[in-house]
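Participant: My questions all concern the structure below.
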Amino acid sequence: MRNKFGERVIETAIRFSGFAIIAFVILIFLFLLKDSLSLFRVYSFKRFILEQKWLPISEPPTFGIVPLITGSLLVTVGAIVICVPVGVATALYIAEIAPGYLKTILKSLIEVLASIPSVVLGFIGIIWLGPFVKNTFHLSTGMCGLTSVFLLAFMALPTIISISEDALVGVPRMYKEAAYGLGATHWQTLWRIVLPAASSGIMAAVMLGIGRVIGETMVVMMVTGNAPIMPKSILQPLRTLTATIAGEMGETVSGSDHYYALFAVGLILFIITFVLNFTAEVFLRKGRR
Amino acid sequence: MSFETRISIENLNLFYGEFHALKNVCLQVPKNNVTALIGPSGCGKSTLLRCINRMNDLIDGVRMEGRIVIDEQNILTPGTDVVALRKNVGMVFQRPNVFDQSILNNLKFGLRIHRQMRSKNETKDLIQKCLEDVGLWDVLKDQLRKNARELSLEQQQRLCIARVLLLKPEIILLDEPCSALDPIATLHIEELLRVLRERYTMVIVTHNMQQAARASDYTGFMYMGQLVEFGVTREIFTAPRQELTENYITGHFG
Ligand SMILES: Nc1ncnc2c1ncn2[C@@H]1O[C@H](COP(=O)(O)OP(=O)(O)OP(=O)(O)O)[C@@H](O)[C@H]1O
Ligand SMILES: [Mg+2]
């Protein structure tokens, strides 16, 4: 009897923490929504979404999120274009090609990479990568989209590599045997059988990688140049959603329109990352089927 | 016992690291017949079978000595073209291992990797022919784009056989092809083997004594890495020459 009671207590506790997490997510969403609505009462949602200028302290202010979304989008796409092929190729190398000892070394190295604080990468960006980009492309400043693209790609790599690698290792051995048995070479087996079989896991890795990039704040604050203008190219200074919130929150008056506008930016960011994570989860589930 | 030899295995020894898995195996596999390999679990049947298409190459630390001669060539020499070998010596596995792709793609895979994709019509005819050979065409002709993993296990195994036949092999190795199937499906596959025997040299590993008796022309009995006895199936099952063989097929095994 006592045992049963004990079990019930534990079960309830576990269930409660599960529900608590769901409740937190919903609460955060409601909290963001509530403060965002305070903005939309005085500033139309349509203008917020369509206006091409972010001028929060002009008189009257303009809260157009387009340049910020464009900035986020530009650096995210740039980072993904670099880190997806590199990450998947590395995962393939670790899962299928590297000899045993190298596998272990590479895997722990990637864990180390994942644990580098982003502020350190920001430093590297300011001191070394920024000037390098500036000289290479003959720019007036190295603090621009491209510099952050490199750093963000680097930051997303560990996520993409380790989740893709899991997916590749999880491909049933019997598929490979079937391919080899039909006379396929190592490369043909990887390309035509292993990669497609792992594709949903790899897609999930890419989604989580994108989520990581789009949510990153410190690095983009430090190296994008932070200009809240519509970027014409990736070689220009720009600003992301995250950097806007982090950079301006300290300067606003609590309860002002500007203050609420930042919450609205946060709401948009929350929705984007939520959708990304949700999609990743769908892909992971499909892969496990 | 008189037959034309298709595969000649001569003094074959195989080591998994230190473990001596095949001991001086000598075996002449007769052409266009079904040869069964029987023996208790772990005696080396699969290992022997996988030597014939060099599948053991995929395992680290395997060492082989001796010769396996097919078409006057010792296929164990390092210079052997394993891709061509595996095309000529097809393999069907214990669990039906269709790819998680469409039926059509499962079949085309072999053609693609061997660069044998012809015109659309020619490919279609080839595929139809092979599916007819394994008795799947009438059932599946309208659903070739369906994922192969949605088929029944028997159909999957038939598809695996079709996938092998499509490459026009001369030898087919089957490693317990029916162990994942129910008794009726097993009989169907055995029937299929009987038909295919006309055209292919087949070696089948089986745990199922009745299956060996029913489906094969010749039988080899293996024990602890050695080939104990080899002969016409009927003789092995009615008048074995070795006591070990007799004990095994009568079920008196320690
Ligand atoms: N990759 C391997 N590494 C080391 N030893 C192995 C390996 N594969 C098989 N063996 C050993 O070699 C022996 C023969 O194995 P094999 O799989 O050929 O047996 P089998 O006759 O096919 O058995 P079963 O009827 O269970 O399939 C066994 O003792 C097994 O433990
Ligand atoms: Mg076996």
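Identifiers in the structure tokens: chain A, B, ... in order shown; residue index from 1 per chain; ligand index from 1 in order shown.
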Around ligand 1, which protein and nucleic acid residues have at least one atom no more than 8 Å from it, if we count only C-alpha atoms and all ligand atoms? List them as a list in words.

Facilitator: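 With only C-alpha atoms and all ligand atoms and a cut-off of 8 Å, ligand 1 is contacted by Tyr16, Gly17, Phe19, His20, Ala21, Leu22, Ile38, Gly39, Pro40, Ser41, Gly42, Cys43, Gly44, Lys45, Ser46, Thr47, Leu48, Leu49, Ile59, Asp60, Val62, Asp175, Glu176, Val205, Thr206, His207, Met222, Met224 and Gly225 of chain B.
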
Participant: Could you please select, counting only C-alpha atoms, the residues of chain B within 10 Å of chain A and state them as a VMD selection string?

Facilitator: chain B and resid 50 53 to 55 58 81 to 101 106 109 to 114 160 163 to 164 167

Participant: Between B:Leu126, B:Ile171, B:Leu107, B:Met64, which residue has the minimum interatomic distance to Leu159 of chain B, considering only C-alpha atoms?

Facilitator: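 When distances to Leu159 of chain B are compared using only C-alpha atoms, the smallest one comes from B:Leu107.
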
Participant: Determine which residues of segment 51-210 of chain A receive a DSSP assignment of strand (DSSP E or B), computed from the backbone, and state them as a ChimeraX atom specification.

Facilitator: /A:54-55,62-63

Participant: Residues of segment 201-238 of chain B classed as alpha helix (DSSP H) by DSSP on the backbone are to be reported as a PyMOL selection string.

Facilitator: chain B and resi 209-215+233-238

Participant: I need the chosen residues saved as a compact mmCIF listing (two decimals), in the first residue's frame, with N, CA and C atoms.

Facilitator:
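Full text of again08.txt as output:
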# COMPACT_ATOMS: atom_id res chain seq x y z
N MET B 209 15.11 -28.06 -41.18
CA MET B 209 15.52 -29.30 -41.83
C MET B 209 14.56 -29.72 -42.93
N GLN B 210 13.27 -29.54 -42.65
CA GLN B 210 12.30 -29.91 -43.70
C GLN B 210 12.53 -29.06 -44.94
N GLN B 211 12.86 -27.80 -44.69
CA GLN B 211 13.08 -26.93 -45.83
C GLN B 211 14.25 -27.42 -46.67
N ALA B 212 15.33 -27.79 -46.01
CA ALA B 212 16.48 -28.31 -46.73
C ALA B 212 16.06 -29.55 -47.52
N ALA B 213 15.32 -30.44 -46.87
CA ALA B 213 14.91 -31.69 -47.52
C ALA B 213 14.00 -31.40 -48.72
N ARG B 214 13.09 -30.44 -48.55
CA ARG B 214 12.13 -30.13 -49.62
C ARG B 214 12.76 -29.37 -50.76
N ALA B 215 13.55 -28.37 -50.42
CA ALA B 215 13.89 -27.37 -51.43
C ALA B 215 15.25 -27.57 -52.08
N THR B 233 20.89 -34.45 -51.34
CA THR B 233 20.03 -34.20 -50.19
C THR B 233 19.35 -35.48 -49.68
N ARG B 234 18.78 -36.26 -50.60
CA ARG B 234 18.07 -37.45 -50.19
C ARG B 234 18.99 -38.38 -49.40
N GLU B 235 20.23 -38.51 -49.87
CA GLU B 235 21.15 -39.41 -49.17
C GLU B 235 21.54 -38.88 -47.80
N ILE B 236 21.77 -37.57 -47.74
CA ILE B 236 22.14 -36.98 -46.44
C ILE B 236 21.03 -37.23 -45.43
N PHE B 237 19.79 -37.13 -45.90
CA PHE B 237 18.69 -37.25 -44.95
C PHE B 237 18.27 -38.71 -44.68
N THR B 238 18.61 -39.61 -45.61
CA THR B 238 18.21 -41.00 -45.36
C THR B 238 19.38 -41.87 -44.91

Participant: Counting only C-alpha atoms and all ligand atoms, figure out which residue out of B:Leu104, B:Leu37, B:Val195, B:Val232 gets nearest to ligand 2.

Facilitator: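 Using only C-alpha atoms and all ligand atoms, ligand 2 sits closest to B:Leu37.
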
Participant: For Ala156 of chain A, work out the shell of residues within 6 Å, counting only C-alpha atoms and skipping chain neighbours fewer than 3 positions away, then give it as a list in words.

Facilitator: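 Answer for this query is Ala153, Thr159 and Gly209 of chain A.
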
Participant: Now that the selection is made, can you save its residues with C-alpha atoms as an mmCIF file, in the first residue's frame?

Facilitator:
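This went into selection_36.cif:
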data_model
loop_
_atom_site.group_PDB
_atom_site.id
_atom_site.type_symbol
_atom_site.label_atom_id
_atom_site.label_comp_id
_atom_site.auth_asym_id
_atom_site.auth_seq_id
_atom_site.Cartn_x
_atom_site.Cartn_y
_atom_site.Cartn_z
ATOM 1 C CA ALA A 153 27.360 29.308 -39.094
ATOM 2 C CA THR A 159 23.864 21.247 -33.383
ATOM 3 C CA GLY A 209 20.238 24.922 -36.430
#

Participant: My list of candidates is B:Arg197, B:His188, B:Ile172, B:Ser179. Which is closest to ligand 2 when distances are computed with only C-alpha atoms and all ligand atoms?

Facilitator: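 The answer is B:Ser179, which sits nearest to ligand 2.
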
Participant: Point out the residue among B:Ala36, B:Leu187, B:Val228, B:Ile75 with the least atom-to-atom distance to Leu244 of chain B, counting only C-alpha atoms.

Facilitator: B:Val228

Participant: Smallest atom-to-atom distance to ligand 2: which of B:Ile184, B:Leu174, B:Leu12, B:Met117, using only C-alpha atoms and all ligand atoms?

Facilitator: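 Smallest distance to ligand 2 is found for B:Leu174.
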
Participant: For Glu96 of chain A, which of A:Ser256, A:Ser44, A:Ser164, A:Ser108 is the closest residue, counting only C-alpha atoms?

Facilitator: A:Ser164

Participant: Can you tell me how far atom CA of Glu198 of chain B sits from atom CA of Gly135 of chain B, in Å to one decimal?

Facilitator: 16.2 Å

Participant: If we count only C-alpha atoms, what is near segment 141-151 of chain A at a cut-off of 8 Å, once residues fewer than 4 positions away on the same chain are taken out, given as a ChimeraX atom specification?

Facilitator: /A:71,74-76,78-79,82,121-122,125-126,129-135,155,219-220,223-225,234-238

Participant: Any chance you can output those residues with N, CA, C and O atoms as a short mmCIF file (atom, residue, chain, number, x, y, z; two decimals), in the first residue's frame?

Facilitator:
data_model
loop_
_atom_site.label_atom_id
_atom_site.label_comp_id
_atom_site.auth_asym_id
_atom_site.auth_seq_id
_atom_site.Cartn_x
_atom_site.Cartn_y
_atom_site.Cartn_z
N GLY A 71 17.02 41.74 -41.67
CA GLY A 71 18.35 41.53 -41.11
C GLY A 71 18.48 40.12 -40.55
O GLY A 71 19.44 39.40 -40.86
N LEU A 74 18.45 37.60 -43.41
CA LEU A 74 19.66 37.63 -44.23
C LEU A 74 20.80 36.85 -43.55
O LEU A 74 21.44 36.00 -44.16
N VAL A 75 21.02 37.15 -42.27
CA VAL A 75 22.13 36.45 -41.61
C VAL A 75 21.80 34.97 -41.40
O VAL A 75 22.68 34.12 -41.48
N THR A 76 20.51 34.67 -41.18
CA THR A 76 20.15 33.27 -40.97
C THR A 76 20.34 32.47 -42.25
O THR A 76 20.98 31.42 -42.24
N GLY A 78 22.19 33.21 -44.75
CA GLY A 78 23.63 33.15 -45.04
C GLY A 78 24.30 32.07 -44.21
O GLY A 78 25.06 31.24 -44.73
N ALA A 79 23.99 32.04 -42.92
CA ALA A 79 24.63 31.06 -42.03
C ALA A 79 24.24 29.64 -42.42
O ALA A 79 25.07 28.73 -42.44
N ILE A 82 25.98 28.22 -45.41
CA ILE A 82 27.34 27.74 -45.12
C ILE A 82 27.29 26.48 -44.25
O ILE A 82 27.96 25.49 -44.53
N LEU A 121 33.08 34.25 -29.15
CA LEU A 121 33.04 34.29 -30.62
C LEU A 121 32.88 35.73 -31.09
O LEU A 121 33.47 36.14 -32.10
N GLY A 122 32.10 36.51 -30.35
CA GLY A 122 31.92 37.92 -30.69
C GLY A 122 33.26 38.66 -30.68
O GLY A 122 33.57 39.42 -31.59
N GLY A 125 35.18 37.85 -33.59
CA GLY A 125 34.61 38.57 -34.72
C GLY A 125 35.11 39.99 -34.80
O GLY A 125 35.49 40.48 -35.87
N ILE A 126 35.16 40.67 -33.65
CA ILE A 126 35.56 42.08 -33.64
C ILE A 126 37.05 42.22 -33.93
O ILE A 126 37.47 43.05 -34.73
N LEU A 129 37.98 38.49 -37.30
CA LEU A 129 37.17 38.22 -38.50
C LEU A 129 36.68 39.50 -39.17
O LEU A 129 36.72 39.63 -40.40
N GLY A 130 36.24 40.48 -38.35
CA GLY A 130 35.74 41.73 -38.90
C GLY A 130 36.77 42.41 -39.80
O GLY A 130 36.49 42.68 -40.98
N PRO A 131 37.97 42.70 -39.29
CA PRO A 131 39.01 43.31 -40.13
C PRO A 131 39.31 42.47 -41.37
O PRO A 131 39.54 43.01 -42.47
N PHE A 132 39.27 41.14 -41.19
CA PHE A 132 39.54 40.26 -42.34
C PHE A 132 38.50 40.47 -43.43
O PHE A 132 38.83 40.64 -44.60
N VAL A 133 37.21 40.48 -43.02
CA VAL A 133 36.12 40.69 -43.99
C VAL A 133 36.26 42.07 -44.63
O VAL A 133 36.12 42.25 -45.84
N LYS A 134 36.58 43.05 -43.81
CA LYS A 134 36.71 44.43 -44.31
C LYS A 134 37.78 44.52 -45.41
O LYS A 134 37.55 45.08 -46.48
N ASN A 135 38.94 43.92 -45.15
CA ASN A 135 40.03 44.00 -46.13
C ASN A 135 39.74 43.17 -47.37
O ASN A 135 40.07 43.57 -48.48
N MET A 155 28.49 28.68 -35.00
CA MET A 155 27.73 28.34 -33.80
C MET A 155 26.69 27.25 -34.03
O MET A 155 26.39 26.47 -33.15
N VAL A 219 26.38 37.52 -30.35
CA VAL A 219 27.26 37.65 -31.49
C VAL A 219 26.76 38.72 -32.46
O VAL A 219 27.52 39.57 -32.92
N VAL A 220 25.46 38.70 -32.73
CA VAL A 220 24.97 39.68 -33.71
C VAL A 220 25.02 41.09 -33.14
O VAL A 220 25.26 42.05 -33.87
N VAL A 223 28.83 42.10 -33.71
CA VAL A 223 29.52 42.23 -35.00
C VAL A 223 28.69 42.67 -36.20
O VAL A 223 29.25 42.84 -37.29
N THR A 224 27.37 42.85 -36.07
CA THR A 224 26.63 43.22 -37.29
C THR A 224 26.66 44.72 -37.57
O THR A 224 26.21 45.16 -38.60
N GLY A 225 27.15 45.50 -36.64
CA GLY A 225 27.14 46.94 -36.85
C GLY A 225 25.88 47.59 -36.32
O GLY A 225 25.83 48.81 -36.14
N ILE A 234 24.43 41.74 -47.87
CA ILE A 234 24.94 41.12 -46.67
C ILE A 234 26.26 41.77 -46.24
O ILE A 234 26.77 41.55 -45.17
N LEU A 235 26.79 42.61 -47.11
CA LEU A 235 28.06 43.27 -46.80
C LEU A 235 27.84 44.58 -46.06
O LEU A 235 28.80 45.29 -45.74
N GLN A 236 26.55 44.91 -45.79
CA GLN A 236 26.26 46.15 -45.07
C GLN A 236 25.98 45.87 -43.61
O GLN A 236 25.58 44.78 -43.25
N PRO A 237 26.16 46.91 -42.77
CA PRO A 237 25.73 46.77 -41.38
C PRO A 237 24.22 46.55 -41.34
O PRO A 237 23.49 47.11 -42.16
N LEU A 238 23.76 45.75 -40.42
CA LEU A 238 22.34 45.52 -40.31
C LEU A 238 22.00 45.21 -38.85
O LEU A 238 22.89 45.22 -37.99
#
